[in-house]
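Here is the file start.cif (mmCIF, C-alpha atoms and all ligand atoms).
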```cif
data_input
loop_
_atom_site.label_atom_id
_atom_site.label_comp_id
_atom_site.auth_asym_id
_atom_site.auth_seq_id
_atom_site.Cartn_x
_atom_site.Cartn_y
_atom_site.Cartn_z
CA MET A 1 17.09 -116.81 -111.92
CA ILE A 2 19.04 -117.00 -108.68
CA LYS A 3 18.28 -114.29 -106.11
CA SER A 4 18.60 -115.95 -102.74
CA VAL A 5 21.31 -118.32 -101.59
CA ALA A 6 21.93 -120.45 -98.51
CA VAL A 7 25.53 -121.17 -97.51
CA ILE A 8 25.99 -124.16 -95.21
CA GLY A 9 29.01 -123.99 -92.91
CA GLY A 10 30.37 -120.73 -91.56
CA GLY A 11 34.04 -121.80 -91.43
CA THR A 12 37.00 -120.65 -93.55
CA MET A 13 35.24 -121.19 -96.88
CA GLY A 14 31.63 -120.60 -95.85
CA ASN A 15 32.27 -117.09 -94.57
CA GLY A 16 34.17 -116.22 -97.75
CA ILE A 17 31.40 -117.57 -99.99
CA ALA A 18 28.71 -115.69 -97.99
CA HIS A 19 30.87 -112.54 -98.22
CA VAL A 20 31.12 -112.69 -102.01
CA PHE A 21 27.40 -113.41 -102.62
CA ALA A 22 26.27 -110.72 -100.14
CA GLN A 23 28.60 -108.13 -101.68
CA LYS A 24 27.07 -108.84 -105.10
CA GLY A 25 23.56 -108.17 -103.75
CA TYR A 26 22.28 -111.72 -103.23
CA SER A 27 20.22 -112.45 -100.15
CA VAL A 28 22.30 -114.92 -98.12
CA ASN A 29 21.21 -117.33 -95.38
CA LEU A 30 24.38 -118.45 -93.59
CA ILE A 31 23.85 -121.73 -91.73
CA ASP A 32 26.05 -123.49 -89.18
CA VAL A 33 25.30 -125.99 -86.43
CA ARG A 34 27.40 -123.86 -84.04
CA GLN A 35 26.25 -120.34 -83.11
CA GLU A 36 29.86 -119.38 -82.27
CA ALA A 37 30.90 -120.30 -85.83
CA LEU A 38 28.21 -117.92 -87.17
CA ASP A 39 29.32 -115.10 -84.82
CA LYS A 40 32.93 -115.61 -85.86
CA ALA A 41 31.96 -115.74 -89.55
CA LEU A 42 30.15 -112.38 -89.37
CA ALA A 43 33.11 -110.83 -87.53
CA THR A 44 35.53 -112.20 -90.16
CA ILE A 45 33.39 -110.93 -93.05
CA GLY A 46 33.26 -107.46 -91.41
CA LYS A 47 37.04 -107.43 -90.93
CA ASN A 48 37.70 -108.58 -94.49
CA MET A 49 35.36 -105.90 -95.84
CA ASP A 50 37.24 -103.29 -93.78
CA ARG A 51 40.39 -104.42 -95.55
CA GLN A 52 38.62 -103.91 -98.92
CA ILE A 53 37.54 -100.42 -97.76
CA ALA A 54 41.14 -99.57 -96.77
CA LYS A 55 42.26 -100.56 -100.27
CA GLY A 56 39.52 -98.49 -101.90
CA GLY A 57 37.62 -101.50 -103.23
CA LEU A 58 34.47 -100.99 -101.14
CA THR A 59 32.64 -98.11 -99.40
CA GLU A 60 31.20 -98.07 -95.86
CA GLU A 61 27.69 -97.94 -97.38
CA GLU A 62 28.39 -101.00 -99.56
CA LYS A 63 29.72 -102.84 -96.51
CA ALA A 64 26.59 -102.03 -94.51
CA SER A 65 24.36 -103.09 -97.37
CA ALA A 66 26.31 -106.36 -97.89
CA LEU A 67 26.18 -107.25 -94.18
CA GLY A 68 22.45 -106.43 -94.27
CA ASN A 69 22.02 -109.12 -96.94
CA ILE A 70 23.18 -111.87 -94.54
CA THR A 71 20.87 -113.69 -92.09
CA THR A 72 22.23 -116.47 -89.88
CA TYR A 73 20.55 -119.75 -88.95
CA THR A 74 21.48 -122.74 -86.82
CA GLU A 75 18.58 -124.76 -88.21
CA LEU A 76 19.25 -126.03 -91.71
CA SER A 77 15.58 -126.76 -92.52
CA LYS A 78 14.63 -123.10 -91.94
CA GLY A 79 17.64 -121.61 -93.67
CA VAL A 80 17.15 -123.49 -96.95
CA SER A 81 13.33 -123.39 -97.12
CA ALA A 82 12.97 -120.49 -99.56
CA VAL A 83 16.23 -120.20 -101.50
CA ASP A 84 17.13 -120.71 -105.17
CA LEU A 85 20.60 -122.14 -104.51
CA VAL A 86 22.39 -123.82 -101.62
CA VAL A 87 26.20 -123.85 -101.50
CA GLU A 88 27.34 -126.42 -98.98
CA ALA A 89 30.73 -125.65 -97.37
CA ALA A 90 30.59 -127.78 -94.22
CA THR A 91 33.37 -129.98 -92.84
CA GLU A 92 35.04 -132.26 -95.43
CA ASN A 93 33.58 -135.55 -94.21
CA VAL A 94 31.52 -137.88 -96.40
CA ASP A 95 28.98 -138.83 -93.72
CA ILE A 96 28.38 -135.19 -92.74
CA LYS A 97 27.94 -134.14 -96.38
CA LEU A 98 25.57 -137.01 -97.25
CA SER A 99 23.43 -136.27 -94.22
CA ILE A 100 23.34 -132.52 -95.03
CA PHE A 101 22.32 -133.24 -98.65
CA ARG A 102 19.51 -135.59 -97.55
CA GLU A 103 18.24 -132.89 -95.21
CA MET A 104 18.50 -130.02 -97.66
CA ASP A 105 16.86 -132.09 -100.38
CA ALA A 106 13.90 -132.57 -98.04
CA HIS A 107 13.59 -128.87 -97.14
CA ALA A 108 14.83 -126.76 -100.08
CA PRO A 109 12.29 -125.70 -102.76
CA ALA A 110 11.95 -128.18 -105.65
CA HIS A 111 13.56 -125.76 -108.12
CA ALA A 112 16.63 -125.08 -105.93
CA ILE A 113 20.09 -126.08 -107.13
CA LEU A 114 22.23 -127.87 -104.54
CA ALA A 115 25.96 -127.11 -104.92
CA THR A 116 28.90 -128.36 -102.87
CA ASN A 117 32.28 -126.75 -102.28
CA THR A 118 33.91 -130.11 -101.54
CA SER A 119 37.62 -130.39 -102.40
CA SER A 120 37.56 -134.09 -103.11
CA ILE A 121 34.30 -135.94 -102.42
CA SER A 122 32.47 -137.30 -105.49
CA ILE A 123 29.66 -134.97 -106.66
CA THR A 124 27.91 -138.01 -108.16
CA LYS A 125 27.96 -139.79 -104.79
CA ILE A 126 26.52 -136.73 -103.03
CA ALA A 127 23.88 -136.27 -105.76
CA ALA A 128 22.80 -139.93 -105.46
CA VAL A 129 21.40 -139.42 -101.94
CA THR A 130 19.02 -136.72 -103.21
CA GLN A 131 15.81 -136.93 -105.25
CA ARG A 132 17.23 -134.29 -107.63
CA PRO A 133 20.63 -135.53 -108.88
CA THR A 134 20.24 -133.44 -112.06
CA GLN A 135 20.29 -130.30 -109.87
CA VAL A 136 23.44 -131.18 -107.89
CA VAL A 137 26.75 -129.64 -108.96
CA GLY A 138 30.23 -128.86 -107.63
CA MET A 139 31.14 -125.23 -107.03
CA HIS A 140 34.73 -125.35 -105.77
CA PHE A 141 35.86 -121.92 -104.59
CA MET A 142 39.49 -121.30 -103.68
CA ASN A 143 40.79 -119.93 -100.37
CA PRO A 144 40.62 -116.98 -99.61
CA VAL A 145 37.33 -116.75 -101.49
CA PRO A 146 37.02 -112.93 -101.73
CA VAL A 147 40.51 -112.77 -103.28
CA MET A 148 40.87 -115.87 -105.47
CA LYS A 149 39.31 -115.63 -108.94
CA LEU A 150 38.82 -119.29 -109.77
CA VAL A 151 35.68 -121.37 -109.31
CA GLU A 152 36.16 -124.97 -110.43
CA VAL A 153 32.68 -126.03 -111.57
CA ILE A 154 32.21 -129.80 -111.42
CA GLU A 155 29.56 -131.56 -113.43
CA GLY A 156 28.32 -134.72 -111.68
CA PHE A 157 27.40 -137.80 -113.70
CA LYS A 158 23.73 -136.77 -113.69
CA THR A 159 24.04 -132.96 -113.57
CA ASP A 160 21.76 -131.33 -116.15
CA GLU A 161 23.52 -129.17 -118.74
CA SER A 162 21.20 -126.24 -117.98
CA VAL A 163 22.26 -126.37 -114.30
CA THR A 164 25.95 -126.35 -115.22
CA LYS A 165 25.37 -123.41 -117.55
CA LEU A 166 23.55 -121.46 -114.88
CA ILE A 167 26.34 -122.05 -112.33
CA LEU A 168 28.99 -120.97 -114.86
CA GLU A 169 27.05 -117.73 -115.47
CA LEU A 170 26.44 -117.21 -111.76
CA SER A 171 30.17 -117.58 -111.03
CA LYS A 172 30.88 -114.87 -113.61
CA SER A 173 28.26 -112.62 -111.99
CA LEU A 174 30.28 -112.93 -108.75
CA GLY A 175 33.34 -111.57 -110.56
CA LYS A 176 34.95 -115.02 -110.68
CA VAL A 177 36.39 -117.03 -113.54
CA PRO A 178 34.77 -120.48 -113.74
CA ALA A 179 36.44 -123.53 -115.27
CA LEU A 180 34.40 -126.67 -115.97
CA THR A 181 35.55 -130.19 -115.09
CA LYS A 182 33.97 -133.64 -114.95
CA ASP A 183 33.51 -135.57 -111.72
CA TYR A 184 36.57 -137.80 -111.27
CA PRO A 185 38.77 -138.03 -108.16
CA GLY A 186 40.38 -134.70 -107.25
CA PHE A 187 38.61 -133.01 -110.21
CA ILE A 188 41.41 -130.97 -111.87
CA ALA A 189 42.81 -128.61 -109.21
CA ASN A 190 43.69 -131.24 -106.62
CA ARG A 191 44.44 -134.01 -109.12
CA ILE A 192 47.35 -131.91 -110.37
CA LEU A 193 48.27 -129.97 -107.21
CA MET A 194 48.39 -132.84 -104.71
CA PRO A 195 50.77 -135.13 -106.67
CA MET A 196 53.11 -132.10 -106.99
CA ILE A 197 52.99 -131.50 -103.22
CA ASN A 198 53.46 -135.24 -102.58
CA GLU A 199 56.48 -135.32 -104.93
CA ALA A 200 57.99 -132.36 -103.07
CA ILE A 201 57.57 -134.26 -99.76
CA ILE A 202 59.03 -137.45 -101.29
CA SER A 203 62.04 -135.45 -102.54
CA LEU A 204 62.55 -134.05 -99.02
CA HIS A 205 62.09 -137.51 -97.48
CA GLU A 206 64.69 -139.00 -99.83
CA GLY A 207 67.13 -136.20 -98.99
CA VAL A 208 67.33 -134.89 -102.55
CA ALA A 209 67.04 -131.31 -101.25
CA GLY A 210 66.03 -129.37 -98.13
CA VAL A 211 62.75 -127.55 -97.40
CA GLU A 212 64.06 -124.13 -98.47
CA GLU A 213 65.75 -125.46 -101.59
CA ILE A 214 62.64 -127.30 -102.80
CA ASP A 215 60.42 -124.26 -102.25
CA THR A 216 62.96 -121.84 -103.75
CA ILE A 217 63.33 -123.97 -106.89
CA MET A 218 59.57 -124.14 -107.43
CA LYS A 219 59.01 -120.44 -106.59
CA LEU A 220 61.78 -118.93 -108.67
CA GLY A 221 62.00 -121.64 -111.32
CA MET A 222 58.30 -122.06 -112.03
CA ALA A 223 57.05 -118.62 -110.94
CA HIS A 224 54.83 -120.15 -108.26
CA PRO A 225 53.93 -117.55 -105.59
CA MET A 226 54.52 -120.16 -102.85
CA GLY A 227 56.67 -123.28 -102.80
CA PRO A 228 54.83 -126.65 -102.56
CA LEU A 229 55.88 -127.31 -98.94
CA GLN A 230 54.76 -123.88 -97.74
CA LEU A 231 51.52 -124.33 -99.70
CA ALA A 232 50.97 -127.74 -98.06
CA ASP A 233 51.39 -126.10 -94.62
CA PHE A 234 48.88 -123.42 -95.64
CA ILE A 235 46.28 -125.93 -96.91
CA GLY A 236 46.79 -128.22 -93.90
CA LEU A 237 48.81 -131.44 -94.04
CA ASP A 238 45.79 -133.45 -92.85
CA VAL A 239 43.76 -132.05 -95.78
CA CYS A 240 46.57 -132.90 -98.23
CA LEU A 241 46.75 -136.45 -96.86
CA ALA A 242 42.97 -136.90 -97.08
CA ILE A 243 42.90 -135.74 -100.71
CA LEU A 244 45.85 -137.98 -101.66
CA ASN A 245 43.95 -140.90 -100.11
CA VAL A 246 40.90 -140.02 -102.24
CA LEU A 247 43.10 -140.02 -105.39
CA HIS A 248 44.84 -143.26 -104.35
CA ASP A 249 41.57 -145.06 -103.56
CA GLY A 250 39.67 -143.58 -106.51
CA PHE A 251 42.21 -144.44 -109.21
CA GLY A 252 43.81 -147.47 -107.54
CA ASN A 253 47.13 -146.23 -108.89
CA PRO A 254 50.23 -146.43 -106.62
CA LYS A 255 51.54 -143.14 -108.07
CA TYR A 256 49.12 -141.34 -105.71
CA ALA A 257 50.31 -143.16 -102.54
CA PRO A 258 50.94 -140.50 -99.86
CA CYS A 259 54.58 -140.13 -98.80
CA PRO A 260 55.20 -141.91 -95.43
CA LEU A 261 56.76 -138.67 -94.12
CA LEU A 262 53.43 -136.87 -94.69
CA VAL A 263 51.59 -139.70 -92.90
CA ASN A 264 53.98 -139.47 -89.92
CA MET A 265 53.66 -135.69 -89.69
CA VAL A 266 49.86 -135.84 -89.68
CA THR A 267 49.82 -138.72 -87.18
CA SER A 268 52.04 -136.75 -84.80
CA GLY A 269 49.90 -133.60 -85.07
CA ASP A 270 52.18 -131.46 -87.29
CA LEU A 271 49.43 -130.12 -89.57
CA GLY A 272 51.04 -126.92 -90.86
CA VAL A 273 49.92 -123.35 -90.13
CA LYS A 274 46.83 -124.39 -88.14
CA SER A 275 48.82 -126.45 -85.61
CA GLY A 276 51.79 -124.04 -85.52
CA ARG A 277 54.18 -126.47 -87.18
CA GLY A 278 54.60 -128.32 -90.45
CA PHE A 279 57.56 -128.00 -92.81
CA TYR A 280 57.93 -124.51 -91.34
CA ASP A 281 57.56 -123.30 -87.76
CA TYR A 282 54.76 -120.79 -87.12
CA GLY A 283 55.13 -120.49 -83.35
CA HIS A 284 57.69 -117.68 -83.25
CA GLY A 285 55.27 -114.76 -83.54
CA THR A 286 56.96 -113.14 -86.57
CA LYS A 287 56.04 -113.18 -90.26
CA ASP A 288 59.42 -114.75 -91.12
CA LEU A 289 59.36 -118.13 -92.78
CA ILE A 290 61.48 -120.36 -90.54
CA VAL A 291 62.08 -124.03 -91.35
CA ALA A 292 60.72 -126.35 -88.61
CA PRO A 293 63.47 -127.66 -86.28
CA GLY A 294 63.28 -131.25 -87.59
CA PHE A 295 64.02 -130.04 -91.13
CA ALA A 296 66.55 -127.28 -90.38
CA LYS A 297 70.07 -127.72 -91.73
CA LYS A 298 72.39 -129.33 -89.20
P1 LIG B 301 35.97 -125.38 -91.63
O1 LIG B 301 36.30 -126.50 -90.69
O2 LIG B 301 36.68 -124.08 -91.51
O3 LIG B 301 34.40 -125.07 -91.53
C1 LIG B 301 33.42 -126.06 -91.57
C2 LIG B 301 32.17 -125.55 -90.85
O4 LIG B 301 31.11 -126.47 -91.09
C3 LIG B 301 32.34 -125.43 -89.32
O5 LIG B 301 32.03 -124.12 -88.89
C4 LIG B 301 31.34 -126.46 -88.78
O6 LIG B 301 30.73 -126.04 -87.56
C5 LIG B 301 30.33 -126.51 -89.91
N1 LIG B 301 29.50 -127.71 -89.92
C6 LIG B 301 29.85 -128.99 -89.64
N2 LIG B 301 28.78 -129.80 -89.77
C7 LIG B 301 27.73 -129.03 -90.14
C8 LIG B 301 26.35 -129.28 -90.41
N3 LIG B 301 25.85 -130.51 -90.33
N4 LIG B 301 25.56 -128.24 -90.76
C9 LIG B 301 26.06 -126.98 -90.84
N5 LIG B 301 27.35 -126.67 -90.57
C10 LIG B 301 28.18 -127.69 -90.24
O7 LIG B 301 36.14 -125.99 -93.10
P2 LIG B 301 36.52 -125.22 -94.46
O8 LIG B 301 37.99 -125.16 -94.60
O9 LIG B 301 35.72 -123.99 -94.55
O10 LIG B 301 36.02 -126.29 -95.55
C11 LIG B 301 34.67 -126.39 -95.90
C12 LIG B 301 34.56 -127.11 -97.23
O11 LIG B 301 35.27 -126.38 -98.23
C13 LIG B 301 35.15 -128.52 -97.23
O12 LIG B 301 34.35 -129.34 -98.04
C14 LIG B 301 36.52 -128.31 -97.84
O13 LIG B 301 37.01 -129.45 -98.48
C15 LIG B 301 36.22 -127.23 -98.86
N6 LIG B 301 37.38 -126.42 -99.28
C16 LIG B 301 38.26 -125.96 -98.37
C17 LIG B 301 39.32 -125.16 -98.78
C18 LIG B 301 40.31 -124.58 -97.80
O14 LIG B 301 41.37 -124.13 -98.23
N7 LIG B 301 40.00 -124.56 -96.52
C19 LIG B 301 39.46 -124.83 -100.15
C20 LIG B 301 38.51 -125.30 -101.06
C21 LIG B 301 37.46 -126.10 -100.61
#
```

Take the structure in the file and write it out as structure tokens.
Amino acid sequence: MIKSVAVIGGGTMGNGIAHVFAQKGYSVNLIDVRQEALDKALATIGKNMDRQIAKGGLTEEEKASALGNITTYTELSKGVSAVDLVVEAATENVDIKLSIFREMDAHAPAHAILATNTSSISITKIAAVTQRPTQVVGMHFMNPVPVMKLVEVIEGFKTDESVTKLILELSKSLGKVPALTKDYPGFIANRILMPMINEAIISLHEGVAGVEEIDTIMKLGMAHPMGPLQLADFIGLDVCLAILNVLHDGFGNPKYAPCPLLVNMVTSGDLGVKSGRGFYDYGHGTKDLIVAPGFAKK
């Protein structure tokens, strides 16, 4: 029975995951190495709950009670010492994740399940650095966590069936819809999404169509809420490149080779929304979607 949860990393995903657990009545220890990340996370959760209140989905009392369920820590060993589940949502870097899992394995109670929100790192590899690989599992939430229904649950090579079952049930208790996958590069979400994004970039690079045309075709033709190039900007072009590299290395198949245009954009610092420029320009202070100068029609 899971009652208390630690969330590691108070960034984009960590604050959303803490938000959802706290709102459902779980006791949440939110852990980050940076105090300012924790302060920002609490402010973001408060603001996002205000938005829910404005839409009638939450009351002021429920907000107060949810925020009261969250305690912040900068020391991982303290934050995980008495919880039933840890959901790790720290920076997507193999060395950071392996070191966090070694540390949480040493300090979390023996019965605790250790989950990771990684987008692309092997669950089996992460599990192998712990003494409890049967209790390590992938719990891949989507951004923004309070809004998106899906949790991709990833069963590592050694994950025990009872652990998978518990995480599937837990995801449902959070109001989410879980979908189970095995642990192979990109799992399912990114294995299918990233080649589509890469193909959109290759099509642009080859001059088959422009930015707006590609996104319009995929939005109106396939009923996607966002075109693949806009979605790539939203996810972050550096993140897309890193995941394509994981697919390329993991399968050894040239079909996953990242488009050279994507590589150039990331190398030159055009990372999408977070840097102000990707396939679209975000530096103009309006909500309009304006194609970045390099891609605008001549
Ligand atoms: P982020 O950069 O917004 O936040 C990462 C946080 O981790 C930072 O606040 C950082 O201070 C903290 N951190 C770094 N090292 C730490 C440590 N040793 N201990 C505790 N905290 C530490 O990143 P994010 O976008 O929230 O991504 C987090 C994870 O979620 C990644 O694995 C990513 O692949 C995955 N993910 C991201 C998205 C997305 O759209 N952003 C979607 C699904 C999954």

* Nearby residues, ligand LIG 301 (chain B), 7 Å, only C-alpha atoms and all ligand atoms, as a PyMOL selection string -> chain A and resi 8-14+31-34+37+76+89-92+96+100+117-120+140-143+235

* **Gly25 (chain A) environment, 9 Å, all atoms listed in the file, sequence neighbours closer than 4 positions dropped, as a list in words** =>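 In the requested form, the answer reads Lys3, Val20, Phe21, Ser65, Ala66 and Asn69 of chain A.
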
Give me a file of those residues, with C-alpha atoms, as a CSV table (one decimal), keeping the file's coordinate frame.
```
chain,number,residue,atom,x,y,z
A,3,LYS,CA,18.3,-114.3,-106.1
A,20,VAL,CA,31.1,-112.7,-102.0
A,21,PHE,CA,27.4,-113.4,-102.6
A,65,SER,CA,24.4,-103.1,-97.4
A,66,ALA,CA,26.3,-106.4,-97.9
A,69,ASN,CA,22.0,-109.1,-96.9
```

* To do: Grab the CA of Gly285 (chain A) to CA of Pro225 (chain A) distance for me, in Å with one decimal place.
  => 22.3 Å

* **Shell of 9 Å around Asp50 (chain A), all atoms listed in the file, local chain residues under 6 positions omitted, as a list of chain:residue names** =>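 So the residues in contact are A:Leu58, A:Thr59, A:Glu60, A:Lys63.
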
* If you count all atoms listed in the file, which residues fall within 12 Å of Val136 (chain A), apart from same-chain ones fewer than 3 positions away, as a ChimeraX atom specification? -> /A:85-88,101-102,104-105,111-117,122-133,139,153-164,166-167,183

Listed atoms of region 260-272 of chain A boxed axis-aligned with 6 Å per side, centre + edges as AutoDock Vina command-line options:
```
--center_x 53.1 --center_y -134.4 --center_z -90.1 --size_x 19.3 --size_y 27.0 --size_z 22.6
```

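Proximity of A:Asp233, A:Glu169, A:Asp84, A:Asp249 to Tyr280 (chain A), computed with only C-alpha atoms, is greatest for A:Asp233.
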
* To do: Figure out the distance between CA of Cys259 (chain A) and CA of Val246 (chain A), please, to one decimal in Å.
  =>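 Atom-to-atom, CA of Val246 (chain A) and CA of Cys259 (chain A) are spaced 14.1 Å apart.
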
* Which residue of A:Ser171, A:Thr134, A:Thr74, A:Asn93 approaches Ala242 (chain A) most closely, using all atoms listed in the file ->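 Closest candidate: A:Asn93.
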
* Please indicate the distance in Å from CA of Arg277 (chain A) to CA of Ala292 (chain A), rounded to one decimal place. => 6.7 Å

* Asked: Which polymer residues, protein or nucleic acid, are no farther than 10 Å from (29.7, -115.1, -101.0), counting all atoms listed in the file, as an MDAnalysis selection string?
  -> chainID A and resid 5:7 13:28 30 45 66 70 87 141 145:146 174

* Spatial neighbours of Gln230 (chain A), max dist 12 Å, all atoms listed in the file, sep filter under 5 positions, as an MDAnalysis selection string -> chainID A and resid 197 200:201 211:216 218:219 224:225 235:237 271:273 277:282 289:292

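Using all atoms listed in the file, the nearest neighbour of Tyr256 (chain A) within the list A:Met196, A:Met1, A:Ala179, A:Leu231 is A:Met196.
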
* **From A:His284, A:Lys182, A:Lys176, A:Lys97, residue lying nearest Lys149 (chain A) [all atoms listed in the file]** =>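 The answer is A:Lys176, which sits nearest to Lys149 (chain A).
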
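Proximity ranking of A:Pro185, A:His248, A:Phe295, A:Thr267 relative to Leu229 (chain A) places A:Phe295 first, based on only C-alpha atoms.
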